[in-house]
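This is query-v4.cif (mmCIF, C-alpha atoms).
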```
data_run
#
loop_
_atom_site.label_atom_id
_atom_site.label_comp_id
_atom_site.auth_asym_id
_atom_site.auth_seq_id
_atom_site.Cartn_x
_atom_site.Cartn_y
_atom_site.Cartn_z
CA MET M 1 200.78 162.50 141.61
CA THR M 2 200.07 164.89 138.74
CA ALA M 3 200.73 163.24 135.37
CA GLN M 4 203.39 164.95 133.32
CA VAL M 5 202.21 165.22 129.72
CA PRO M 6 204.89 165.25 127.03
CA ILE M 7 204.52 167.91 124.37
CA THR M 8 206.23 167.11 121.09
CA VAL M 9 207.29 170.46 119.66
CA GLY M 10 206.77 170.91 115.94
CA THR M 11 204.09 168.26 115.36
CA SER M 12 200.45 168.83 114.64
CA ALA M 13 199.63 166.75 117.69
CA SER M 14 201.18 169.37 119.95
CA LEU M 15 199.23 172.32 118.52
CA PRO M 16 196.09 173.51 120.33
CA ALA M 17 193.06 171.80 118.84
CA SER M 18 190.58 174.08 117.08
CA PRO M 19 186.98 174.05 118.36
CA ALA M 20 185.78 172.61 115.06
CA ARG M 21 188.32 169.76 115.16
CA THR M 22 187.44 169.06 118.78
CA ARG M 23 183.73 168.84 117.99
CA ARG M 24 184.32 166.53 115.03
CA ALA M 25 186.46 164.20 117.13
CA ILE M 26 183.88 164.04 119.90
CA VAL M 27 180.95 163.43 117.55
CA ALA M 28 182.78 160.79 115.48
CA THR M 29 183.66 158.71 118.51
CA THR M 30 180.64 159.26 120.70
CA ILE M 31 177.87 158.43 118.26
CA GLY M 32 179.14 154.89 117.97
CA ASN M 33 179.97 154.85 121.65
CA ILE M 34 176.37 155.77 122.53
CA LEU M 35 175.08 152.90 120.39
CA GLU M 36 177.54 150.40 121.86
CA TRP M 37 176.70 151.19 125.47
CA PHE M 38 172.98 151.62 124.84
CA GLU M 39 172.75 148.03 123.67
CA LEU M 40 174.80 146.79 126.62
CA SER M 41 172.87 148.83 129.20
CA VAL M 42 169.40 147.98 127.97
CA TYR M 43 170.05 144.26 128.40
CA GLY M 44 170.88 144.82 132.07
CA PHE M 45 167.89 147.11 132.65
CA LEU M 46 165.46 144.63 131.08
CA ALA M 47 166.90 141.57 132.86
CA SER M 48 163.72 140.98 134.88
CA ILE M 49 161.64 141.05 131.65
CA ILE M 50 164.03 139.04 129.47
CA ALA M 51 164.73 136.37 132.12
CA PRO M 52 161.56 134.23 131.69
CA VAL M 53 161.67 134.58 127.88
CA PHE M 54 165.01 132.79 127.47
CA PHE M 55 165.85 131.40 130.92
CA PRO M 56 162.57 130.11 132.44
CA THR M 57 162.88 128.45 135.88
CA SER M 58 160.61 127.84 138.84
CA SER M 59 162.29 130.72 140.73
CA GLN M 60 162.16 134.33 139.55
CA ARG M 61 165.39 135.18 141.40
CA LEU M 62 167.16 132.22 139.78
CA SER M 63 165.97 133.27 136.31
CA ILE M 64 167.22 136.82 136.88
CA THR M 65 170.55 135.57 138.24
CA ILE M 66 171.06 133.33 135.19
CA THR M 67 170.24 136.29 132.93
CA LEU M 68 172.78 138.43 134.78
CA LEU M 69 175.37 135.66 134.58
CA THR M 70 174.84 135.68 130.81
CA PHE M 71 175.41 139.44 131.03
CA GLY M 72 178.73 138.69 132.76
CA VAL M 73 179.85 135.72 130.64
CA THR M 74 179.82 137.83 127.50
CA TYR M 75 182.52 139.99 129.05
CA LEU M 76 184.89 137.09 128.57
CA ALA M 77 184.87 138.04 124.88
CA ARG M 78 185.95 141.60 125.61
CA PRO M 79 189.67 140.92 126.17
CA VAL M 80 189.69 138.99 122.87
CA GLY M 81 188.14 141.97 121.12
CA ALA M 82 190.66 144.20 122.88
CA VAL M 83 193.58 142.20 121.44
CA VAL M 84 192.21 141.93 117.88
CA LEU M 85 190.68 145.38 117.42
CA GLY M 86 193.39 147.04 119.51
CA ALA M 87 196.06 145.66 117.19
CA ILE M 88 194.13 146.93 114.16
CA SER M 89 193.89 150.36 115.77
CA ASP M 90 197.61 150.56 116.59
CA ARG M 91 198.66 149.43 113.11
CA ALA M 92 195.98 150.51 110.62
CA GLY M 93 194.62 153.44 112.63
CA ARG M 94 191.90 154.36 115.10
CA LYS M 95 189.41 154.97 112.27
CA GLN M 96 189.59 151.42 110.88
CA SER M 97 189.04 149.80 114.26
CA LEU M 98 186.16 152.10 115.21
CA THR M 99 184.38 151.45 111.92
CA LEU M 100 184.67 147.68 112.33
CA SER M 101 183.48 147.73 115.94
CA ILE M 102 180.20 149.45 115.10
CA VAL M 103 179.47 146.89 112.37
CA LEU M 104 180.03 144.06 114.85
CA MET M 105 177.74 145.69 117.39
CA MET M 106 174.94 145.82 114.84
CA VAL M 107 175.42 142.11 114.12
CA GLY M 108 175.24 141.22 117.82
CA SER M 109 172.16 143.39 118.35
CA SER M 110 170.41 141.76 115.40
CA LEU M 111 170.94 138.30 116.90
CA ILE M 112 169.34 139.35 120.18
CA ALA M 113 166.52 141.39 118.66
CA PHE M 114 165.16 138.68 116.39
CA VAL M 115 165.86 135.40 118.20
CA PRO M 116 162.66 133.42 119.03
CA SER M 117 161.82 132.66 122.66
CA TYR M 118 162.67 129.51 124.62
CA ALA M 119 159.04 128.39 124.26
CA SER M 120 159.44 128.47 120.46
CA ILE M 121 162.83 126.88 119.78
CA GLY M 122 163.97 125.52 123.15
CA ILE M 123 167.61 125.56 124.21
CA LEU M 124 168.67 127.16 120.93
CA ALA M 125 167.10 130.44 122.10
CA PRO M 126 169.47 131.13 125.04
CA VAL M 127 172.39 129.88 122.93
CA LEU M 128 171.64 132.48 120.24
CA VAL M 129 171.22 135.20 122.86
CA LEU M 130 174.58 134.24 124.31
CA ALA M 131 176.12 134.35 120.81
CA GLY M 132 174.73 137.83 120.26
CA ARG M 133 176.07 138.99 123.59
CA LEU M 134 179.49 137.52 122.80
CA VAL M 135 179.65 139.45 119.52
CA GLN M 136 178.63 142.61 121.38
CA GLY M 137 181.30 141.94 123.98
CA PHE M 138 183.95 141.43 121.30
CA SER M 139 182.93 144.69 119.65
CA ALA M 140 182.90 146.65 122.90
CA GLY M 141 186.30 145.18 123.71
CA GLY M 142 187.91 147.15 120.92
CA GLU M 143 185.62 150.18 121.09
CA PHE M 144 186.94 151.62 124.33
CA GLY M 145 190.63 151.53 123.41
CA SER M 146 190.27 153.00 119.95
CA ALA M 147 187.68 155.63 120.91
CA THR M 148 189.62 156.78 123.97
CA ALA M 149 192.92 156.92 122.09
CA TYR M 150 191.24 158.90 119.31
CA LEU M 151 189.82 161.43 121.79
CA VAL M 152 192.91 162.06 123.92
CA GLU M 153 195.19 162.27 120.88
CA HIS M 154 193.33 165.29 119.52
CA ASP M 155 194.40 167.69 122.28
CA GLN M 156 197.35 166.88 124.52
CA ARG M 157 196.71 169.89 126.73
CA ARG M 158 193.14 168.81 127.49
CA ARG M 159 193.45 165.04 127.63
CA GLY M 160 191.25 164.84 130.72
CA PHE M 161 188.42 166.82 129.14
CA MET M 162 188.61 165.02 125.80
CA GLY M 163 188.78 161.56 127.33
CA SER M 164 185.90 162.32 129.69
CA TRP M 165 183.45 162.19 126.77
CA GLN M 166 184.02 158.45 126.66
CA PHE M 167 182.07 158.07 129.91
CA ALA M 168 179.89 161.16 129.51
CA THR M 169 178.29 159.61 126.44
CA GLN M 170 177.82 156.36 128.31
CA GLY M 171 175.55 158.51 130.48
CA ILE M 172 173.47 159.32 127.40
CA SER M 173 173.26 155.60 126.69
CA ILE M 174 171.95 154.97 130.19
CA VAL M 175 169.33 157.71 129.77
CA LEU M 176 168.17 156.22 126.46
CA ALA M 177 168.16 152.66 127.80
CA ALA M 178 166.30 153.66 130.96
CA GLY M 179 163.86 155.75 128.92
CA CYS M 180 163.06 152.73 126.76
CA ALA M 181 162.58 150.63 129.89
CA VAL M 182 160.22 153.23 131.40
CA ALA M 183 158.20 153.35 128.17
CA LEU M 184 157.95 149.57 127.99
CA THR M 185 156.76 149.20 131.57
CA THR M 186 154.25 152.07 131.46
CA LEU M 187 152.82 151.93 127.92
CA LEU M 188 152.65 148.14 127.57
CA THR M 189 151.10 145.45 129.70
CA PRO M 190 153.51 143.01 131.39
CA GLY M 191 152.51 140.38 128.84
CA GLN M 192 153.15 142.66 125.87
CA ALA M 193 156.52 143.80 127.27
CA GLN M 194 157.60 140.20 127.72
CA ASP M 195 156.20 138.87 124.45
CA TRP M 196 157.60 141.48 122.04
CA GLY M 197 158.11 144.88 123.67
CA TRP M 198 161.60 144.17 125.00
CA ARG M 199 162.82 143.74 121.41
CA ILE M 200 162.06 147.36 120.46
CA PRO M 201 165.19 148.94 122.03
CA PHE M 202 167.47 146.49 120.23
CA VAL M 203 165.74 147.19 116.90
CA LEU M 204 166.14 150.94 117.46
CA GLY M 205 169.85 150.39 118.07
CA ILE M 206 170.14 148.51 114.78
CA LEU M 207 168.45 151.41 112.95
CA ILE M 208 170.86 153.97 114.47
CA GLY M 209 173.89 151.87 113.56
CA PRO M 210 174.19 152.91 109.87
CA VAL M 211 174.38 156.59 110.88
CA GLY M 212 177.30 155.85 113.19
CA PHE M 213 178.95 153.74 110.50
CA TYR M 214 178.74 156.56 107.96
CA ILE M 215 180.18 159.15 110.35
CA ARG M 216 183.09 156.92 111.27
CA ARG M 217 183.84 156.07 107.66
CA THR M 218 184.25 159.79 106.90
CA MET M 219 186.24 160.79 110.02
CA THR M 220 189.93 161.79 109.85
CA GLU M 221 192.71 160.00 111.71
CA SER M 222 193.93 161.33 115.06
CA PRO M 223 196.85 163.83 114.75
CA GLU M 224 199.06 162.10 117.31
CA PHE M 225 198.71 158.69 115.64
CA THR M 226 199.32 160.25 112.22
CA SER M 227 202.47 161.93 113.51
CA ALA M 228 203.76 158.67 115.00
CA ARG M 229 203.05 156.80 111.77
CA ASP M 230 204.80 159.43 109.66
CA ASP M 231 207.85 159.25 111.94
CA ASN M 232 207.91 155.41 111.74
CA GLN M 233 207.28 155.09 115.49
CA LEU M 234 204.61 152.40 115.28
CA GLU M 235 205.24 148.87 116.51
CA THR M 236 206.07 146.26 113.89
CA THR M 237 205.59 143.34 116.28
CA ASN M 238 202.45 142.16 118.05
CA THR M 239 201.31 145.02 120.27
CA THR M 240 199.88 142.70 122.93
CA VAL M 241 203.21 140.91 123.22
CA VAL M 242 205.01 144.25 123.55
CA ILE M 243 202.69 145.29 126.39
CA LEU M 244 203.07 141.99 128.24
CA ARG M 245 206.85 142.17 127.92
CA HIS M 246 207.58 145.83 128.51
CA HIS M 247 204.50 147.43 130.06
CA LYS M 248 203.35 144.91 132.67
CA LEU M 249 203.32 147.42 135.52
CA ALA M 250 201.36 149.90 133.41
CA LEU M 251 198.83 147.21 132.50
CA ALA M 252 198.36 146.12 136.13
CA THR M 253 197.99 149.73 137.27
CA ALA M 254 195.44 150.48 134.57
CA VAL M 255 193.40 147.36 135.38
CA GLY M 256 193.34 148.35 139.03
CA ALA M 257 192.23 151.87 138.15
CA VAL M 258 189.40 150.50 136.03
CA ALA M 259 188.13 148.25 138.85
CA MET M 260 186.69 151.12 140.87
CA SER M 261 184.89 152.72 137.93
CA THR M 262 183.46 149.58 136.41
CA SER M 263 182.16 148.13 139.68
CA VAL M 264 180.13 151.26 140.44
CA ASN M 265 178.99 151.52 136.82
CA TYR M 266 177.58 148.02 136.66
CA LEU M 267 176.09 148.32 140.10
CA ILE M 268 174.13 151.29 138.74
CA THR M 269 173.05 149.05 135.84
CA TYR M 270 171.93 146.45 138.40
CA MET M 271 170.01 148.96 140.57
CA PRO M 272 166.70 148.79 138.64
CA THR M 273 166.68 145.00 139.03
CA PHE M 274 167.65 145.46 142.72
CA ALA M 275 164.80 147.92 143.24
CA ILE M 276 162.25 145.61 141.63
CA SER M 277 163.32 142.25 143.09
CA GLU M 278 164.65 143.28 146.52
CA LEU M 279 162.90 146.54 147.43
CA GLY M 280 159.56 145.93 145.75
CA LEU M 281 159.54 149.31 144.00
CA PRO M 282 157.64 149.91 140.74
CA LYS M 283 159.60 149.24 137.58
CA ALA M 284 159.00 152.71 136.15
CA THR M 285 160.36 154.35 139.32
CA SER M 286 163.57 152.34 139.27
CA PHE M 287 164.22 152.99 135.58
CA LEU M 288 163.53 156.71 135.98
CA ALA M 289 166.14 156.93 138.74
CA ALA M 290 168.65 155.24 136.43
CA ALA M 291 167.84 157.79 133.73
CA PHE M 292 168.65 160.64 136.11
CA ALA M 293 171.92 158.86 136.92
CA GLY M 294 172.76 158.97 133.23
CA VAL M 295 172.14 162.73 133.20
CA VAL M 296 174.57 163.11 136.11
CA LEU M 297 177.23 161.14 134.22
CA PHE M 298 176.78 163.25 131.12
CA CYS M 299 177.02 166.55 133.00
CA VAL M 300 179.68 165.78 135.63
CA CYS M 301 182.21 163.67 133.66
CA PRO M 302 183.43 166.59 131.48
CA LEU M 303 183.70 168.80 134.58
CA SER M 304 185.81 166.30 136.49
CA GLY M 305 187.86 165.64 133.36
CA ARG M 306 188.55 169.34 132.97
CA LEU M 307 189.45 169.59 136.67
CA SER M 308 191.95 166.77 136.23
CA ASP M 309 193.72 168.74 133.47
CA ARG M 310 194.56 171.28 136.17
CA LEU M 311 195.15 169.08 139.22
CA GLY M 312 196.22 165.82 137.58
CA GLN M 313 194.14 162.73 136.92
CA ALA M 314 195.40 160.59 139.82
CA PRO M 315 194.63 163.06 142.66
CA VAL M 316 191.03 163.52 141.53
CA MET M 317 190.55 159.75 141.23
CA VAL M 318 192.13 158.98 144.62
CA VAL M 319 189.97 161.50 146.49
CA THR M 320 186.82 160.16 144.82
CA THR M 321 187.75 156.58 145.70
CA ILE M 322 188.23 157.48 149.36
CA VAL M 323 184.85 159.20 149.48
CA THR M 324 183.21 156.19 147.80
CA ALA M 325 184.67 153.76 150.33
CA ILE M 326 183.33 155.90 153.18
CA VAL M 327 179.78 156.57 151.97
CA ILE M 328 178.70 153.51 149.93
CA ILE M 329 177.68 151.27 152.86
CA PRO M 330 175.68 154.00 154.66
CA VAL M 331 173.74 154.92 151.51
CA PHE M 332 172.84 151.27 150.90
CA LEU M 333 171.72 150.89 154.50
CA VAL M 334 169.49 153.92 154.04
CA VAL M 335 167.75 152.60 150.94
CA THR M 336 167.28 149.09 152.36
CA SER M 337 165.94 150.48 155.65
CA TRP M 338 163.60 153.00 153.98
CA PRO M 339 162.84 151.52 150.52
CA THR M 340 160.94 154.42 149.03
CA ALA M 341 161.16 155.95 145.56
CA LEU M 342 162.74 159.07 147.08
CA THR M 343 165.52 157.27 148.96
CA PHE M 344 166.20 154.96 146.03
CA GLY M 345 166.51 157.89 143.65
CA ALA M 346 168.84 159.70 146.04
CA VAL M 347 171.09 156.67 146.42
CA VAL M 348 171.33 156.16 142.66
CA MET M 349 172.17 159.84 142.20
CA VAL M 350 174.94 159.65 144.82
CA MET M 351 176.39 156.59 143.08
CA ALA M 352 176.24 158.37 139.72
CA LEU M 353 178.00 161.43 141.14
CA LEU M 354 180.81 159.29 142.56
CA LYS M 355 181.09 157.35 139.32
CA ALA M 356 181.24 160.52 137.22
CA SER M 357 183.82 162.21 139.45
CA TYR M 358 186.11 159.20 139.11
CA ALA M 359 185.38 158.32 135.48
CA GLY M 360 185.97 161.80 134.04
CA PRO M 361 189.78 161.67 134.52
CA LEU M 362 190.05 157.90 134.05
CA PRO M 363 190.45 157.70 130.23
CA ALA M 364 193.31 160.23 130.23
CA PHE M 365 194.97 158.43 133.14
CA LEU M 366 194.78 155.13 131.27
CA ALA M 367 196.03 156.69 128.02
CA LEU M 368 199.11 158.10 129.76
CA CYS M 369 200.03 154.61 130.94
CA PHE M 370 200.95 153.59 127.37
CA PRO M 371 202.91 155.12 124.45
CA VAL M 372 201.12 155.99 121.19
CA SER M 373 202.44 152.87 119.44
CA THR M 374 200.60 150.50 121.82
CA ARG M 375 198.02 152.88 123.30
CA ALA M 376 194.84 151.50 121.77
CA THR M 377 195.80 147.91 122.64
CA GLY M 378 196.90 148.92 126.13
CA LEU M 379 193.72 150.90 126.75
CA ALA M 380 191.52 148.12 125.39
CA LEU M 381 193.30 145.37 127.30
CA SER M 382 193.40 147.16 130.64
CA TYR M 383 189.83 148.41 130.45
CA ASN M 384 188.34 145.13 129.31
CA LEU M 385 190.34 142.99 131.71
CA GLY M 386 189.17 145.30 134.49
CA VAL M 387 185.57 145.18 133.30
CA THR M 388 185.66 141.39 132.87
CA LEU M 389 187.21 140.74 136.27
CA PHE M 390 185.39 143.34 138.34
CA GLY M 391 182.48 144.83 136.41
CA GLY M 392 180.72 142.38 134.11
CA PHE M 393 179.90 140.00 136.93
CA ALA M 394 179.11 142.77 139.44
CA PRO M 395 175.32 142.46 138.96
CA ALA M 396 175.44 138.67 139.41
CA ILE M 397 177.84 138.98 142.37
CA SER M 398 175.51 141.52 143.96
CA SER M 399 172.55 139.19 143.53
CA LEU M 400 174.50 136.24 144.94
CA LEU M 401 175.85 138.26 147.89
CA ILE M 402 172.29 139.15 148.88
CA ALA M 403 171.21 135.51 148.58
CA TRP M 404 174.19 134.16 150.57
CA THR M 405 174.23 136.76 153.35
CA GLY M 406 170.58 137.68 153.57
CA VAL M 407 171.71 141.32 153.79
CA LYS M 408 170.16 143.53 151.12
CA ALA M 409 172.99 146.07 151.48
CA ALA M 410 175.59 143.39 150.63
CA PRO M 411 176.45 144.85 147.17
CA ALA M 412 178.13 147.77 148.99
CA PHE M 413 180.68 145.37 150.52
CA TYR M 414 181.94 144.54 147.03
CA ILE M 415 182.43 148.22 146.19
CA VAL M 416 184.38 148.87 149.40
CA ALA M 417 186.71 145.94 148.72
CA LEU M 418 187.48 147.19 145.20
CA ALA M 419 187.93 150.77 146.43
CA LEU M 420 190.61 149.63 148.88
CA MET M 421 192.33 147.63 146.14
CA THR M 422 192.28 150.63 143.79
CA LEU M 423 193.75 152.91 146.45
CA LEU M 424 196.59 150.46 147.04
CA ILE M 425 197.42 150.21 143.34
CA MET M 426 197.12 153.94 142.66
CA GLY M 427 199.26 154.74 145.68
CA THR M 428 202.07 152.34 144.81
CA SER M 429 202.40 152.62 141.04
CA GLY M 430 199.98 155.22 139.64
CA ARG M 431 202.53 158.03 139.61
CA ARG M 432 205.36 156.02 138.06
CA VAL M 433 203.49 154.70 135.04
CA THR M 434 201.89 158.03 134.04
CA GLN M 435 204.98 160.24 134.33
CA ARG M 436 206.42 159.87 130.90
#
```
Any chance you could put this one into structure tokens?
Amino acid sequence: MTAQVPITVGTSASLPASPARTRRAIVATTIGNILEWFELSVYGFLASIIAPVFFPTSSQRLSITITLLTFGVTYLARPVGAVVLGAISDRAGRKQSLTLSIVLMMVGSSLIAFVPSYASIGILAPVLVLAGRLVQGFSAGGEFGSATAYLVEHDQRRRGFMGSWQFATQGISIVLAAGCAVALTTLLTPGQAQDWGWRIPFVLGILIGPVGFYIRRTMTESPEFTSARDDNQLETTNTTVVILRHHKLALATAVGAVAMSTSVNYLITYMPTFAISELGLPKATSFLAAAFAGVVLFCVCPLSGRLSDRLGQAPVMVVTTIVTAIVIIPVFLVVTSWPTALTFGAVVMVMALLKASYAGPLPAFLALCFPVSTRATGLALSYNLGVTLFGGFAPAISSLLIAWTGVKAAPAFYIVALALMTLLIMGTSGRRVTQR
């Protein structure tokens, strides 16, 4: 199942990338990527604090569930962002799309950071929060496709390693978001954290945004895209239409591959809320465990990506999926049977290790599903459809599964179901769509 990577002799895209060019490509994409995913992660981590501010109800669990549903609803905007920003990336270039996406993220963050509470302006408060989340979702919808395409197109011989930085830097975002959550819950009183403290992370994100904007404005275009543009190989028709007409199998395969990664990722995002509301653990403990999970993602993703350059992306992903399906229920049973800080931390670390092992090769696998002319759109569509269908609502589904079944380990059932689906898709079509 090893992907066969085409090498176009005589183009700059086929030449080994210099260390300096590799570093510039990674920095240019990841600084904006860190900001994007920091803002998205911190909302999930602070759900239990934000819930009564904008969604007050008589039940704490109901307030948290509504907050998490808002977290999921915004993912409906991601496929739209994938279509619009993906088309810009495939026609005008990766640089243009990446620059626009970081501006949109700053706009969405500003809406959330400065909106008054429900007690101040009533129903308008949750409406404005939802609007901010929709703008963030639209921005993130185009970010993944353009950033991933930009990374993998800088070094064809190390696509796995280059693409792995997409998820490795999401690990940094988790560390930063969890660190902010730890600081809020330890340095501020519960009243201060709920009144104004939760806004601080979003304001920090807004302040970092201009730095990312400047770096992206000065970055160079990816060599592979430049080569395709110079050879008049870009699509002149709507790239989404081209994918739906000629690359349906590739799109379905990519969406299925994303399902496994995104479900585990957003379950990790949900774990602090799970620890607080279901296990009764201190907030600082749960956020600290999530921060360590981010460290695991940052360290392991490049290693698994590099391994996939030798063994192939699909084999590494399939083995990780099988292991996940086997161990996820037992580890959840352990933490729900012995809900201590130690067992919770261990479970989160295991989940992060599984996520990183799978996610490292994933961007390169997805990139190889589509040609350069539709790659950014294909990456954005497949990733964001997968995230919308299987990831964005994972926290809310987990909360609802616990409520319906009365089993605290119920979120693991969702992961097993998606793991089996991913194995079926990877086994039937993964090899065909990546051998080009």
Q: Report the distance between atom CA of Gln192 of chain M and atom CA of Ala341 of chain M in Å, rounded to one decimal place.
A: 25.1 Å
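Here the question is which of M:Ile172, M:Val300, M:Val335, M:Leu134 gets nearest to Gly280 of chain M using only C-alpha atoms, and that residue is M:Val335.
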Taking a cut-off of 12 Å and counting all atoms listed in the file, can you build a table that, for each residue of segment 291-405 of chain M near segment 92-98 of chain M, reports the nearest atom pair and how far apart they are in Å (one decimal), sorted by chain then residue number, as a Markdown table?
```
| residue | atom | partner | partner_atom | distance |
| --- | --- | --- | --- | --- |
| M:Val372 | CA | M:Gly93 | CA | 11.0 |
| M:Ser373 | CA | M:Gly93 | CA | 10.4 |
| M:Thr374 | CA | M:Gly93 | CA | 11.4 |
| M:Arg375 | CA | M:Arg94 | CA | 10.3 |
| M:Ala376 | CA | M:Arg94 | CA | 7.8 |
| M:Thr377 | CA | M:Arg94 | CA | 10.7 |
| M:Ala380 | CA | M:Ser97 | CA | 11.5 |
```
Q: Using the chain letters and numbers from the file, give me the residues hit by the PyMOL selection byres ((chain M and resi 132) around 9), as an MDAnalysis selection string.
A: chainID M and resid 74 105 107:112 127:131 133:137
**Q.** Near-segment 84-88 of chain M list (12 Å; all atoms listed in the file; drop same-chain fewer than 4 positions) as a ChimeraX atom specification
**A.** /M:77-80,92-102,104,137-149,234-243,372-384
Q: Any chance you could resolve the PyMOL selection byres ((chain M and resi 296) around 10) against this file and give the residues as a PyMOL selection string?
A: chain M and resi 168+171-172+175+290-295+297-301+349-357
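Coordinates place atom CA of Gly391 of chain M at a distance of 18.6 Å from atom CA of Phe332 of chain M.
For segment 219-222 of chain M, the set of protein, DNA and RNA residues having any atom at most 10 Å away, when counting only C-alpha atoms and skipping those fewer than 3 positions along the same chain, is Ser12, Ala13, Arg21, Arg24, Ala25, Val27, Ala28, Thr29, Gly93, Arg94, Lys95, Gln96, Thr99, Ala149, Tyr150, Leu151, Val152, Glu153, His154, Asp155, Tyr214, Ile215, Arg216, Phe225, Thr226 and Ser227 of chain M.
Here atom CA of Ser48 of chain M stands at a distance of 26.5 Å from atom CA of Pro330 of chain M.
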Target residues per the PyMOL selection byres ((chain M and resi 405-411) around 9), formatted as a compact mmCIF listing (two decimals) with C-alpha atoms, in the frame of the given file:
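Here's the written file selection_29.txt:
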```
# COMPACT_ATOMS: atom_id res chain seq x y z
CA LEU M 267 176.09 148.32 140.10
CA PHE M 274 167.65 145.46 142.72
CA GLU M 278 164.65 143.28 146.52
CA LEU M 279 162.90 146.54 147.43
CA ILE M 329 177.68 151.27 152.86
CA PRO M 330 175.68 154.00 154.66
CA VAL M 331 173.74 154.92 151.51
CA PHE M 332 172.84 151.27 150.90
CA LEU M 333 171.72 150.89 154.50
CA VAL M 334 169.49 153.92 154.04
CA VAL M 335 167.75 152.60 150.94
CA THR M 336 167.28 149.09 152.36
CA ALA M 394 179.11 142.77 139.44
CA PRO M 395 175.32 142.46 138.96
CA ILE M 397 177.84 138.98 142.37
CA SER M 398 175.51 141.52 143.96
CA SER M 399 172.55 139.19 143.53
CA LEU M 400 174.50 136.24 144.94
CA LEU M 401 175.85 138.26 147.89
CA ILE M 402 172.29 139.15 148.88
CA ALA M 403 171.21 135.51 148.58
CA TRP M 404 174.19 134.16 150.57
CA ALA M 412 178.13 147.77 148.99
CA PHE M 413 180.68 145.37 150.52
CA TYR M 414 181.94 144.54 147.03
CA ILE M 415 182.43 148.22 146.19
```
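Closest approach to Ala396 of chain M among M:Ala113, M:Met271, M:Ala359, M:Met421: M:Met271, based on all atoms listed in the file.
Minimum distance to Ser120 of chain M across M:Tyr75, M:Tyr358, M:Ser337, M:Val53 (counting all atoms listed in the file) occurs at M:Val53.
Checking M:Leu385, M:Ala417, M:Leu204, M:Met317 one by one against Leu76 of chain M, counting all atoms listed in the file, you find the shortest gap at M:Leu385.
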Q. Any idea what's packed within 10 Å of Ala252 of chain M, counting all atoms listed in the file, ignoring anything in its chain fewer than 3 positions away? Could you give it as a ChimeraX atom specification?
A. /M:247-249,255-258,382,385-386,425,429-430
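Of the listed residues (M:Val42, M:Leu35, M:Leu389, M:Val103), M:Val103 comes nearest to Arg217 of chain M; the distances count all atoms listed in the file.
With distances restricted to all atoms listed in the file, M:Pro282 is the closest residue to Thr186 of chain M from M:Pro19, M:Pro282, M:Gly345, M:Pro210.
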Find the spatial neighbours of Gly305 of chain M, counting only C-alpha atoms, within a cut-off of 10 Å - ignore same-chain residues fewer than 6 positions away - and output them as a tab-separated table (two decimals) with C-alpha atoms, in the coordinates of the input.
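The file below, out21.tsv, is the result:
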```tsv
chain	number	residue	atom	x	y	z
M	158	ARG	CA	193.14	168.81	127.49
M	159	ARG	CA	193.45	165.04	127.63
M	160	GLY	CA	191.25	164.84	130.72
M	161	PHE	CA	188.42	166.82	129.14
M	162	MET	CA	188.61	165.02	125.80
M	163	GLY	CA	188.78	161.56	127.33
M	164	SER	CA	185.90	162.32	129.69
M	165	TRP	CA	183.45	162.19	126.77
M	168	ALA	CA	179.89	161.16	129.51
M	311	LEU	CA	195.15	169.08	139.22
M	312	GLY	CA	196.22	165.82	137.58
M	313	GLN	CA	194.14	162.73	136.92
M	316	VAL	CA	191.03	163.52	141.53
M	356	ALA	CA	181.24	160.52	137.22
M	357	SER	CA	183.82	162.21	139.45
M	358	TYR	CA	186.11	159.20	139.11
M	359	ALA	CA	185.38	158.32	135.48
M	360	GLY	CA	185.97	161.80	134.04
M	361	PRO	CA	189.78	161.67	134.52
M	362	LEU	CA	190.05	157.90	134.05
M	363	PRO	CA	190.45	157.70	130.23
M	364	ALA	CA	193.31	160.23	130.23
```
Place N, CA and C atoms on segment 398-405 of chain M and deliver the coordinates as a CSV table (one decimal), keeping the file's coordinate frame.
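Dumped everything to selection_14.csv:
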```csv
chain,number,residue,atom,x,y,z
M,398,SER,N,176.4,140.8,143.0
M,398,SER,CA,175.5,141.5,144.0
M,398,SER,C,174.3,140.7,144.3
M,399,SER,N,173.7,140.0,143.3
M,399,SER,CA,172.6,139.2,143.5
M,399,SER,C,172.9,138.0,144.4
M,400,LEU,N,174.1,137.4,144.2
M,400,LEU,CA,174.5,136.2,144.9
M,400,LEU,C,174.9,136.6,146.4
M,401,LEU,N,175.5,137.8,146.5
M,401,LEU,CA,175.8,138.3,147.9
M,401,LEU,C,174.6,138.4,148.8
M,402,ILE,N,173.5,139.0,148.2
M,402,ILE,CA,172.3,139.2,148.9
M,402,ILE,C,171.7,137.8,149.3
M,403,ALA,N,171.8,136.8,148.3
M,403,ALA,CA,171.2,135.5,148.6
M,403,ALA,C,172.0,134.8,149.6
M,404,TRP,N,173.3,134.9,149.6
M,404,TRP,CA,174.2,134.2,150.6
M,404,TRP,C,174.2,134.8,152.0
M,405,THR,N,174.1,136.1,152.0
M,405,THR,CA,174.2,136.8,153.4
M,405,THR,C,172.9,137.1,153.9
```
